[in-house]
file input_5.tsv (TSV, C-alpha atoms)
chain	number	residue	atom	x	y	z
A	1	MET	CA	0.00	0.00	0.00
A	2	ILE	CA	1.27	3.45	-0.90
A	3	ALA	CA	1.91	5.65	2.13
A	4	HIS	CA	1.13	9.35	2.14
A	5	ASN	CA	2.13	12.39	4.10
A	6	ARG	CA	-0.58	12.49	6.76
A	7	HIS	CA	-0.72	16.28	6.45
A	8	ALA	CA	-1.10	16.41	2.67
A	9	ALA	CA	-3.81	14.98	0.44
A	10	PRO	CA	-2.82	13.52	-2.92
A	11	ILE	CA	-3.13	15.76	-5.99
A	12	PHE	CA	-5.84	14.61	-8.42
A	13	ASN	CA	-5.77	16.33	-11.81
A	14	LEU	CA	-8.31	16.06	-14.62
A	15	PHE	CA	-7.60	17.79	-17.92
A	16	GLU	CA	-9.88	17.99	-20.98
A	17	LEU	CA	-7.86	18.61	-24.15
A	18	GLY	CA	-8.68	19.11	-27.82
A	19	ILE	CA	-6.40	17.38	-30.32
A	20	GLN	CA	-5.79	18.95	-33.73
A	21	LYS	CA	-6.88	16.93	-36.77
A	22	GLU	CA	-4.12	14.63	-38.07
A	23	GLN	CA	-2.27	15.01	-34.75
A	24	THR	CA	-3.71	12.08	-32.78
A	25	ALA	CA	-0.70	9.83	-33.38
A	26	ALA	CA	1.68	12.61	-32.34
A	27	TYR	CA	-0.40	13.27	-29.21
A	28	ASP	CA	-0.37	9.58	-28.28
A	29	GLN	CA	3.38	9.31	-28.83
A	30	ILE	CA	4.38	12.34	-26.77
A	31	GLY	CA	1.81	11.40	-24.11
A	32	GLU	CA	3.13	7.84	-23.87
A	33	ASN	CA	6.67	9.10	-23.37
A	34	ASN	CA	5.48	11.43	-20.60
A	35	ILE	CA	3.45	8.72	-18.86
A	36	ARG	CA	5.93	5.85	-19.09
A	37	THR	CA	8.92	7.96	-18.09
A	38	SER	CA	7.08	9.58	-15.19
A	39	LEU	CA	5.74	6.32	-13.74
A	40	THR	CA	9.19	4.74	-14.07
A	41	LYS	CA	11.31	7.54	-12.64
A	42	GLU	CA	9.06	9.51	-10.26
A	43	THR	CA	8.10	7.81	-7.01
A	44	GLY	CA	5.60	10.58	-6.24
A	45	THR	CA	3.72	10.12	-9.53
A	46	LEU	CA	1.11	7.54	-8.56
A	47	ALA	CA	-1.01	7.26	-11.72
A	48	MET	CA	-1.38	8.75	-15.20
A	49	TYR	CA	-4.22	7.84	-17.53
A	50	SER	CA	-4.82	8.94	-21.12
A	51	VAL	CA	-8.33	8.37	-22.53
A	52	LYS	CA	-10.45	9.80	-25.35
A	53	GLN	CA	-14.14	10.38	-25.96
A	54	LYS	CA	-15.71	7.59	-27.99
A	55	ALA	CA	-18.06	10.02	-29.74
A	56	ASN	CA	-15.26	12.47	-30.56
A	57	PRO	CA	-11.70	11.06	-30.33
A	58	GLN	CA	-10.34	14.57	-30.85
A	59	ILE	CA	-11.32	15.26	-27.23
A	60	ALA	CA	-8.88	13.66	-24.80
A	61	TYR	CA	-8.72	13.48	-21.02
A	62	MET	CA	-5.64	13.17	-18.84
A	63	ILE	CA	-6.10	11.94	-15.29
A	64	GLU	CA	-3.09	12.29	-13.00
A	65	ILE	CA	-2.49	11.45	-9.35
A	66	TYR	CA	0.50	12.63	-7.33
A	67	ALA	CA	1.43	11.84	-3.73
A	68	ASP	CA	1.38	15.53	-2.82
A	69	ASP	CA	2.05	18.98	-4.26
A	70	ALA	CA	5.82	18.54	-3.98
A	71	ALA	CA	5.57	15.44	-6.20
A	72	TYR	CA	3.47	17.37	-8.72
A	73	GLN	CA	5.92	20.27	-8.79
A	74	ALA	CA	8.77	17.80	-9.35
A	75	HIS	CA	6.88	16.27	-12.27
A	76	ILE	CA	6.21	19.54	-14.07
A	77	GLN	CA	9.94	20.33	-13.90
A	78	SER	CA	10.82	16.98	-15.50
A	79	PRO	CA	12.33	16.71	-19.02
A	80	GLN	CA	9.48	14.51	-20.29
A	81	TYR	CA	6.82	16.98	-19.15
A	82	GLN	CA	8.73	19.90	-20.64
A	83	LYS	CA	8.93	17.98	-23.92
A	84	PHE	CA	5.15	17.46	-23.83
A	85	ARG	CA	4.59	21.14	-23.07
A	86	GLU	CA	6.85	22.26	-25.92
A	87	ALA	CA	5.03	20.02	-28.41
A	88	ALA	CA	1.53	21.01	-27.25
A	89	PRO	CA	1.02	24.08	-29.51
A	90	GLN	CA	1.53	21.92	-32.61
A	91	ILE	CA	-0.69	19.10	-31.33
A	92	LEU	CA	-3.48	20.59	-29.21
A	93	THR	CA	-6.29	23.00	-30.08
A	94	GLY	CA	-7.41	25.95	-27.97
A	95	HIS	CA	-9.81	23.61	-26.17
A	96	LYS	CA	-8.06	23.11	-22.84
A	97	HIS	CA	-9.71	22.85	-19.45
A	98	LYS	CA	-8.33	21.85	-16.09
A	99	TYR	CA	-10.88	20.87	-13.46
A	100	ASN	CA	-9.91	22.11	-10.00
A	101	LEU	CA	-10.67	19.06	-7.91
A	102	VAL	CA	-10.47	17.94	-4.29
A	103	PRO	CA	-9.91	14.17	-3.92
A	104	GLN	CA	-12.48	12.43	-1.73
A	105	TYR	CA	-11.69	8.75	-2.30
A	106	LEU	CA	-8.83	7.22	-4.29
A	107	ALA	CA	-8.11	3.49	-4.45
A	108	ASP	CA	-6.48	1.28	-7.02
A	109	LYS	CA	-4.72	-1.98	-7.81
A	110	LYS	CA	-1.81	-2.36	-10.21
A	111	ILE	CA	-3.14	-1.82	-13.75
A	112	GLU	CA	-2.01	-4.20	-16.49
A	113	GLN	CA	-3.84	-2.71	-19.45
A	114	ASN	CA	-5.00	-4.91	-22.32
A	115	ARG	CA	-7.48	-4.61	-25.18
A	116	ASP	CA	-10.40	-5.45	-22.85
A	117	THR	CA	-9.66	-2.94	-20.07
A	118	ARG	CA	-12.63	-0.64	-19.51
A	119	ALA	CA	-12.61	2.92	-18.15
A	120	ASN	CA	-15.54	5.15	-17.14
A	121	LEU	CA	-15.71	8.91	-16.63
A	122	VAL	CA	-18.80	10.16	-14.81
A	123	ARG	CA	-19.90	13.58	-13.57
A	124	ILE	CA	-22.64	13.82	-10.94
A	125	THR	CA	-24.25	16.89	-9.40
A	126	ILE	CA	-25.75	16.34	-5.96
A	127	LYS	CA	-28.47	18.41	-4.33
A	128	ALA	CA	-26.57	20.94	-2.23
A	129	GLU	CA	-28.10	19.87	1.08
A	130	ALA	CA	-27.39	16.20	0.34
A	131	ASN	CA	-23.66	16.42	-0.34
A	132	GLU	CA	-22.45	15.10	3.01
A	133	PRO	CA	-24.81	12.09	3.13
A	134	PHE	CA	-23.88	11.27	-0.48
A	135	ALA	CA	-20.17	11.43	0.36
A	136	GLN	CA	-20.47	8.87	3.13
A	137	ILE	CA	-22.65	6.53	1.05
A	138	VAL	CA	-20.45	6.61	-2.05
A	139	LYS	CA	-17.18	6.18	-0.15
A	140	THR	CA	-18.57	3.14	1.64
A	141	GLU	CA	-19.69	1.63	-1.67
A	142	MET	CA	-16.36	2.30	-3.38
A	143	ARG	CA	-14.42	0.81	-0.47
A	144	GLU	CA	-16.47	-2.39	-0.62
A	145	SER	CA	-16.12	-2.60	-4.39
A	146	ILE	CA	-12.33	-2.30	-4.47
A	147	GLU	CA	-11.97	-4.82	-1.62
A	148	LYS	CA	-14.47	-7.45	-2.76
A	149	GLU	CA	-14.34	-7.38	-6.58
A	150	ASN	CA	-11.26	-8.65	-8.39
A	151	GLY	CA	-12.38	-7.00	-11.63
A	152	VAL	CA	-12.59	-3.53	-10.08
A	153	LEU	CA	-9.10	-2.10	-10.63
A	154	ALA	CA	-9.41	1.59	-9.76
A	155	LEU	CA	-12.06	3.86	-8.27
A	156	TYR	CA	-11.46	7.58	-7.85
A	157	ALA	CA	-13.86	10.28	-6.67
A	158	ALA	CA	-13.20	14.02	-6.41
A	159	THR	CA	-15.30	17.13	-5.95
A	160	ASP	CA	-15.07	20.46	-7.73
A	161	LYS	CA	-13.23	22.99	-5.58
A	162	ASP	CA	-15.62	25.80	-6.55
A	163	GLN	CA	-18.78	23.67	-6.68
A	164	PRO	CA	-18.42	21.01	-3.95
A	165	ASN	CA	-21.69	19.29	-4.87
A	166	GLN	CA	-20.31	18.38	-8.31
A	167	TRP	CA	-18.52	15.03	-8.25
A	168	HIS	CA	-16.15	13.54	-10.81
A	169	PHE	CA	-15.56	9.79	-10.95
A	170	PHE	CA	-12.92	7.88	-12.90
A	171	GLU	CA	-13.15	4.10	-12.80
A	172	ILE	CA	-11.16	1.23	-14.33
A	173	TYR	CA	-12.43	-2.33	-14.70
A	174	ALA	CA	-10.71	-5.45	-16.03
A	175	ASN	CA	-13.32	-5.67	-18.82
A	176	ASP	CA	-16.97	-5.02	-19.65
A	177	ALA	CA	-18.03	-8.20	-17.85
A	178	ALA	CA	-16.39	-7.00	-14.63
A	179	TYR	CA	-18.25	-3.69	-14.91
A	180	GLN	CA	-21.60	-5.40	-15.50
A	181	ALA	CA	-20.95	-7.76	-12.57
A	182	HIS	CA	-20.12	-4.74	-10.40
A	183	ARG	CA	-23.46	-3.13	-11.24
A	184	LYS	CA	-25.29	-6.23	-9.99
A	185	THR	CA	-23.56	-6.43	-6.60
A	186	ALA	CA	-25.52	-5.88	-3.41
A	187	HIS	CA	-23.33	-2.93	-2.38
A	188	PHE	CA	-23.79	-1.14	-5.71
A	189	GLN	CA	-27.54	-1.73	-5.72
A	190	LYS	CA	-27.68	-0.38	-2.17
A	191	TYR	CA	-25.77	2.72	-3.31
A	192	LEU	CA	-28.25	3.29	-6.15
A	193	GLN	CA	-31.23	3.01	-3.80
A	194	GLU	CA	-29.77	5.25	-1.10
A	195	THR	CA	-28.68	8.02	-3.49
A	196	ALA	CA	-31.57	8.05	-5.97
A	197	ASP	CA	-33.20	11.08	-4.33
A	198	LEU	CA	-29.91	12.91	-3.75
A	199	LEU	CA	-28.89	13.31	-7.40
A	200	GLN	CA	-29.60	16.46	-9.38
A	201	ASP	CA	-27.81	15.56	-12.62
A	202	LYS	CA	-25.61	12.76	-14.03
A	203	THR	CA	-23.38	12.74	-17.13
A	204	PHE	CA	-21.76	9.51	-18.29
A	205	ILE	CA	-18.92	10.20	-20.74
A	206	GLU	CA	-18.16	7.20	-22.97
A	207	ILE	CA	-14.38	6.91	-23.23
A	208	THR	CA	-11.74	4.69	-24.82
A	209	PRO	CA	-8.50	4.01	-22.91
A	210	THR	CA	-5.31	5.01	-24.71
A	211	LEU	CA	-2.72	4.36	-22.02
A	212	LEU	CA	-3.36	3.51	-18.37
A	213	MET	CA	-0.43	3.29	-15.94
A	214	ASN	CA	-0.17	3.42	-12.17
A	215	GLN	CA	1.94	2.24	-9.25
A	216	GLY	CA	-0.98	0.40	-7.65
A	217	GLY	CA	-1.91	0.00	-4.01
A	218	LEU	CA	-3.21	3.54	-3.48
A	219	GLN	CA	-5.67	4.00	-0.62
A	220	TYR	CA	-6.89	7.48	0.34
A	221	SER	CA	-10.13	8.75	1.79
A	222	THR	CA	-11.32	11.93	3.44
A	223	PRO	CA	-12.84	11.39	6.90
call {"tool": "encode", "arguments": {"input": "input_5.tsv", "output": "structure tokens"}}
result
Amino acid sequence: MIAHNRHAAPIFNLFELGIQKEQTAAYDQIGENNIRTSLTKETGTLAMYSVKQKANPQIAYMIEIYADDAAYQAHIQSPQYQKFREAAPQILTGHKHKYNLVPQYLADKKIEQNRDTRANLVRITIKAEANEPFAQIVKTEMRESIEKENGVLALYAATDKDQPNQWHFFEIYANDAAYQAHRKTAHFQKYLQETADLLQDKTFIEITPTLLMNQGGLQYSTP
């Protein structure tokens, strides 16, 4: 299990990026170099995931987890990140958005990506007065899922810093069958029942994994 500074929460970054036409291969190549080098050389870089929208592959998402802010600052000074940054103007469009997020629950196992690996990106808005009850319910469900289900590889939840009742979830499953089995579990069904009246809006973004890498063994939760 990955240990953390008790006084510092991990950094959870979510970026939405537009890729220029004819530049997808270049984006994937420079992104792969950044991800593989960072996960190999930086002990404080805990996970980096590159995925794209199924409906529009020119829209990509980068999900990054760092042990703390010092680890993140070390990463952005690295040669591989600087190389990515220098190439960005020729590869990316003006569509760039960084979500300012506060991690609420982060847990994963070592990812060994293959052609069947499934990833989900979900955005949920909770009724303002229901945010705290929702937080406790969803963290309990995620904890049970990661502990009891072999096919659940990573579950991450974070809230928007400026809109705390907006939640972002990134999930990784061994395959589609593991995801469908997860949806049928008693703990997931209980979560659906207990939160049905707490939700204001839900957006499920269909995504395709490009490259998923992590150290594995992360366990973090807010009280």
call {"tool": "closest_residue", "arguments": {"input": "input_5.tsv", "among": "A:Lys190, A:His168, A:Arg143, A:Lys109", "to": "Ala47 of chain A", "atoms": "only C-alpha atoms"}}
result
A:Lys109
call {"tool": "closest_residue", "arguments": {"input": "input_5.tsv", "among": "A:Thr195, A:Ser221, A:Gln20, A:Asn114", "to": "Lys96 of chain A", "atoms": "all atoms listed in the file"}}
result
A:Gln20
call {"tool": "closest_residue", "arguments": {"input": "input_5.tsv", "among": "A:Leu92, A:Leu192, A:Val152, A:Ala174", "to": "Phe134 of chain A", "atoms": "all atoms listed in the file"}}
result
A:Leu192
call {"tool": "residues_near_point", "arguments": {"input": "input_5.tsv", "point": "(-19.6, 14.4, -9.3)", "cutoff": "8 Å", "atoms": "all atoms listed in the file", "output": "list in words"}}
result
Val122, Arg123, Ile124, Thr125, Ile126, Ala157, Ala158, Thr159, Asp160, Asn165, Gln166, Trp167, His168, Phe169 and Lys202 of chain A
call {"tool": "residues_around", "arguments": {"input": "input_5.tsv", "residues": "Tyr49 of chain A", "least_positions_apart": "6", "cutoff": "9 Å", "atoms": "all atoms listed in the file", "output": "MDAnalysis selection string"}}
result
chainID A and resid 35 61:64 209:214
call {"tool": "closest_residue", "arguments": {"input": "input_5.tsv", "among": "A:Ala70, A:Ile91, A:Ala55, A:Leu153", "to": "Glu22 of chain A", "atoms": "only C-alpha atoms"}}
result
A:Ile91
call {"tool": "residues_around", "arguments": {"input": "input_5.tsv", "residues": "Ala107 of chain A", "least_positions_apart": "6", "cutoff": "6 Å", "atoms": "only C-alpha atoms", "output": "ChimeraX atom specification"}}
result
/A:154-155,218-219
call {"tool": "closest_residue", "arguments": {"input": "input_5.tsv", "among": "A:Asn150, A:Gln200, A:Thr93, A:Gln77", "to": "Ala130 of chain A", "atoms": "only C-alpha atoms"}}
result
A:Gln200
call {"tool": "atom_distance", "arguments": {"input": "input_5.tsv", "atom1": "atom CA of Ala9 of chain A", "atom2": "atom CA of Val138 of chain A"}}
result
18.8 Å
call {"tool": "atom_distance", "arguments": {"input": "input_5.tsv", "atom1": "atom CA of Glu194 of chain A", "atom2": "atom CA of Ile137 of chain A"}}
result
7.5 Å
call {"tool": "atom_distance", "arguments": {"input": "input_5.tsv", "atom1": "atom CA of Tyr81 of chain A", "atom2": "atom CA of Gln58 of chain A"}}
result
20.9 Å
call {"tool": "build_atoms", "arguments": {"input": "input_5.tsv", "residues": "segment 74-85 of chain A", "atoms": "N, CA and C atoms", "output": "JSON list (two decimals), in the frame of the given file"}}
result
[["chain", "number", "residue", "atom", "x", "y", "z"],
["A", 74, "ALA", "N", 7.61, 18.52, -8.80],
["A", 74, "ALA", "CA", 8.77, 17.80, -9.35],
["A", 74, "ALA", "C", 8.47, 17.29, -10.75],
["A", 75, "HIS", "N", 7.25, 16.80, -10.96],
["A", 75, "HIS", "CA", 6.88, 16.27, -12.27],
["A", 75, "HIS", "C", 6.88, 17.36, -13.34],
["A", 76, "ILE", "N", 6.32, 18.52, -13.02],
["A", 76, "ILE", "CA", 6.21, 19.54, -14.07],
["A", 76, "ILE", "C", 7.57, 20.20, -14.39],
["A", 77, "GLN", "N", 8.58, 19.89, -13.58],
["A", 77, "GLN", "CA", 9.94, 20.33, -13.90],
["A", 77, "GLN", "C", 10.71, 19.27, -14.69],
["A", 78, "SER", "N", 10.11, 18.11, -14.89],
["A", 78, "SER", "CA", 10.82, 16.98, -15.50],
["A", 78, "SER", "C", 11.02, 17.19, -17.00],
["A", 79, "PRO", "N", 12.07, 16.59, -17.57],
["A", 79, "PRO", "CA", 12.33, 16.71, -19.02],
["A", 79, "PRO", "C", 11.18, 16.20, -19.87],
["A", 80, "GLN", "N", 10.56, 15.08, -19.46],
["A", 80, "GLN", "CA", 9.48, 14.51, -20.29],
["A", 80, "GLN", "C", 8.24, 15.40, -20.30],
["A", 81, "TYR", "N", 7.96, 16.06, -19.17],
["A", 81, "TYR", "CA", 6.82, 16.98, -19.15],
["A", 81, "TYR", "C", 7.13, 18.22, -19.98],
["A", 82, "GLN", "N", 8.34, 18.73, -19.86],
["A", 82, "GLN", "CA", 8.73, 19.90, -20.64],
["A", 82, "GLN", "C", 8.66, 19.61, -22.14],
["A", 83, "LYS", "N", 9.01, 18.38, -22.51],
["A", 83, "LYS", "CA", 8.93, 17.98, -23.92],
["A", 83, "LYS", "C", 7.47, 17.97, -24.38],
["A", 84, "PHE", "N", 6.58, 17.47, -23.52],
["A", 84, "PHE", "CA", 5.15, 17.46, -23.83],
["A", 84, "PHE", "C", 4.65, 18.90, -23.98],
["A", 85, "ARG", "N", 5.04, 19.74, -23.05],
["A", 85, "ARG", "CA", 4.59, 21.14, -23.07],
["A", 85, "ARG", "C", 5.07, 21.87, -24.32]]
